[in-house]
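The structure under discussion appears below in the form of structure tokens.
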Amino acid sequence: MQIFKKRRSPGLCRPGSWLTNRNLLKLILLICCLSLATSAVADAGFSIRRRHAACIISFSGTGNLKTYKLVNAYRNGTINDEETIYVQEGGKRWEESDRDIKLLLVDTVTGKATDSLQFHAKDYSLRIKISGEQNGKLQYSMDSTKAVYDYLLLNDDEKSEQFSRNRILFITCSAAGFILLLLLFFFRKRKAEDQNPA
Amino acid sequence: MPLLFQLIFHFLIKGFFLWPFYYSKKWKPLWVGFTSSMMLVPLMVILYHETDLSFWYVYMGLIVLDVLLYCFLLKSKWWKAIPISLILNTIAIIFFFVCNG
């Protein structure tokens, strides 16, 4: 004689509802994964400053300043032809960068600054050609080119002159991946139709 | 980090890590991981460095796209595809930030 009837667990909801115990477990699993994933991502990198294109300031003709020298006012360094100032926004180099650059023309005999040049480096790379000095004033011309981000394909030593080619290769690679995905999708459809011709 | 290395590591995350979940599908998870990496990695790099788009949207978009891919190409059930997509995309986007930070 059966005294106790074996009863099925009713779950948390009314019978017939979609929220059965099994669906509830799936929902809990999803919520756990979602909370873990979002917290991990928020902790990992969404607060990182993005690295944009670097502005490179280069110099030529500093040898034309015979009794004078050009000095970076904020970094206290004499500027030579080999000197380049690298202004990088975002990323790991953010702490090293300073967008305002002030140059001083200093008389090497008296040690006094006779002229100054100040500019704000943003979006453009500058090439400053120094032709000399006249009455303590700096004679120069400045070329500016649009600063571009270095897209690297194979190694870290690639030059920034290949920007447009590398960018096109990035876009081509992305388009090729998209076409391959489409092919996979259509191949799947055709196979399904072959199996079920009706 | 150069594109080639980013592609390799992204493929390892989205292809090889996907493989155990869909082991019965043979090589297909690897193909799906490879093609989606090829499409998404260069696009994400360009979006990251040239636009101010919030990467929360990109992250959510990646999850939705991968769920669709797993459902349509690997014939996965949605409740299985969503956690797998969440886990793999979280690892992938953290790796992306480390490479492009």
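Note on naming: chains are A, B, ... as they come in the structure tokens, residues start from 1 per chain, ligands start from 1 in the order shown.
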
Who sits within 12 Å of Ile168 in chain A, only C-alpha atoms, same chain under 2 positions skipped, as a list in words: Tyr151, Leu152, Leu153, Gln162, Phe163, Ser164, Arg165, Asn166, Phe170, Ile171, Thr172, Cys173, Ser174 and Ala175 of chain A; Pro42, Leu43 and Ile46 of chain B

Exercise: Val148 in chain A partners within 9 Å, only C-alpha atoms, chain neighbours under 5 positions left out, as a PDB file with N, CA and C atoms, in the first residue's frame:
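Full text of out_23.pdb as output:
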```
ATOM      1  N   HIS A  52      44.954  58.078 -29.844  1.00  0.00           N
ATOM      2  CA  HIS A  52      44.669  58.664 -31.156  1.00  0.00           C
ATOM      3  C   HIS A  52      45.984  58.881 -31.902  1.00  0.00           C
ATOM      4  N   ALA A  53      45.854  59.481 -33.074  1.00  0.00           N
ATOM      5  CA  ALA A  53      47.045  59.709 -33.896  1.00  0.00           C
ATOM      6  C   ALA A  53      48.025  60.640 -33.167  1.00  0.00           C
ATOM      7  N   ALA A  54      49.311  60.319 -33.269  1.00  0.00           N
ATOM      8  CA  ALA A  54      50.342  61.111 -32.592  1.00  0.00           C
ATOM      9  C   ALA A  54      50.758  62.302 -33.448  1.00  0.00           C
ATOM     10  N   CYS A  55      51.017  63.445 -32.796  1.00  0.00           N
ATOM     11  CA  CYS A  55      51.578  64.606 -33.499  1.00  0.00           C
ATOM     12  C   CYS A  55      53.094  64.560 -33.327  1.00  0.00           C
ATOM     13  N   ASP A 123      46.231  67.253 -33.795  1.00  0.00           N
ATOM     14  CA  ASP A 123      45.741  66.746 -35.085  1.00  0.00           C
ATOM     15  C   ASP A 123      46.739  66.871 -36.243  1.00  0.00           C
ATOM     16  N   TYR A 124      47.758  67.685 -36.087  1.00  0.00           N
ATOM     17  CA  TYR A 124      48.705  67.886 -37.193  1.00  0.00           C
ATOM     18  C   TYR A 124      50.143  67.647 -36.743  1.00  0.00           C
ATOM     19  N   SER A 125      50.915  67.042 -37.628  1.00  0.00           N
ATOM     20  CA  SER A 125      52.353  66.912 -37.401  1.00  0.00           C
ATOM     21  C   SER A 125      53.032  68.126 -38.019  1.00  0.00           C
ATOM     22  N   SER A 160      55.268  55.266 -40.511  1.00  0.00           N
ATOM     23  CA  SER A 160      53.943  55.872 -40.608  1.00  0.00           C
ATOM     24  C   SER A 160      53.608  56.301 -42.036  1.00  0.00           C
ATOM     25  N   PHE A 163      50.592  54.624 -43.973  1.00  0.00           N
ATOM     26  CA  PHE A 163      49.284  54.723 -43.313  1.00  0.00           C
ATOM     27  C   PHE A 163      48.135  54.341 -44.235  1.00  0.00           C
TER      28      PHE A 163
END
```

Residue hits in chain B, query chain A, radius 7 Å, only C-alpha atoms, as an NGL selection string: :B and (2-4 or 35-36 or 38-40 or 42-43 or 49-50 or 73 or 79 or 83 or 86-87 or 90 or 94 or 97 or 101)

DSSP alpha helix (DSSP H) selection over chain B, as a ChimeraX atom specification: /B:3-11,28-50,55-73,78-100

Nearest-residue call for Ile130 in chain A, choices A:Leu103, A:Leu65, A:Val87, A:Val71, using only C-alpha atoms: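 Closest to Ile130 in chain A of all the choices is A:Leu65.
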
Distance query Cys71 in chain B at most 12 Å, only C-alpha atoms, self and fewer than 5 positions along chain excluded, as a list in words: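 The residues that qualify are Phe185 and Arg188 of chain A; Tyr22, Pro29, Val32, Val64, Leu65, Asp66, Ser76, Lys77, Trp78, Trp79, Lys80, Ala81, Ile82, Ile84 and Ser85 of chain B.
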
Interatomic distance, CA of Leu126 in chain A to CA of Asp143 in chain A (Å, one decimal): 5.7 Å

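The space separating CA of Thr114 in chain A from CA of Asn76 in chain A comes to 15.9 Å.
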
Which of B:Leu68, B:Leu47, B:Met60, B:Leu74 sits closest to Asn89 in chain B [using only C-alpha atoms]: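 Nearest to Asn89 in chain B: B:Met60.
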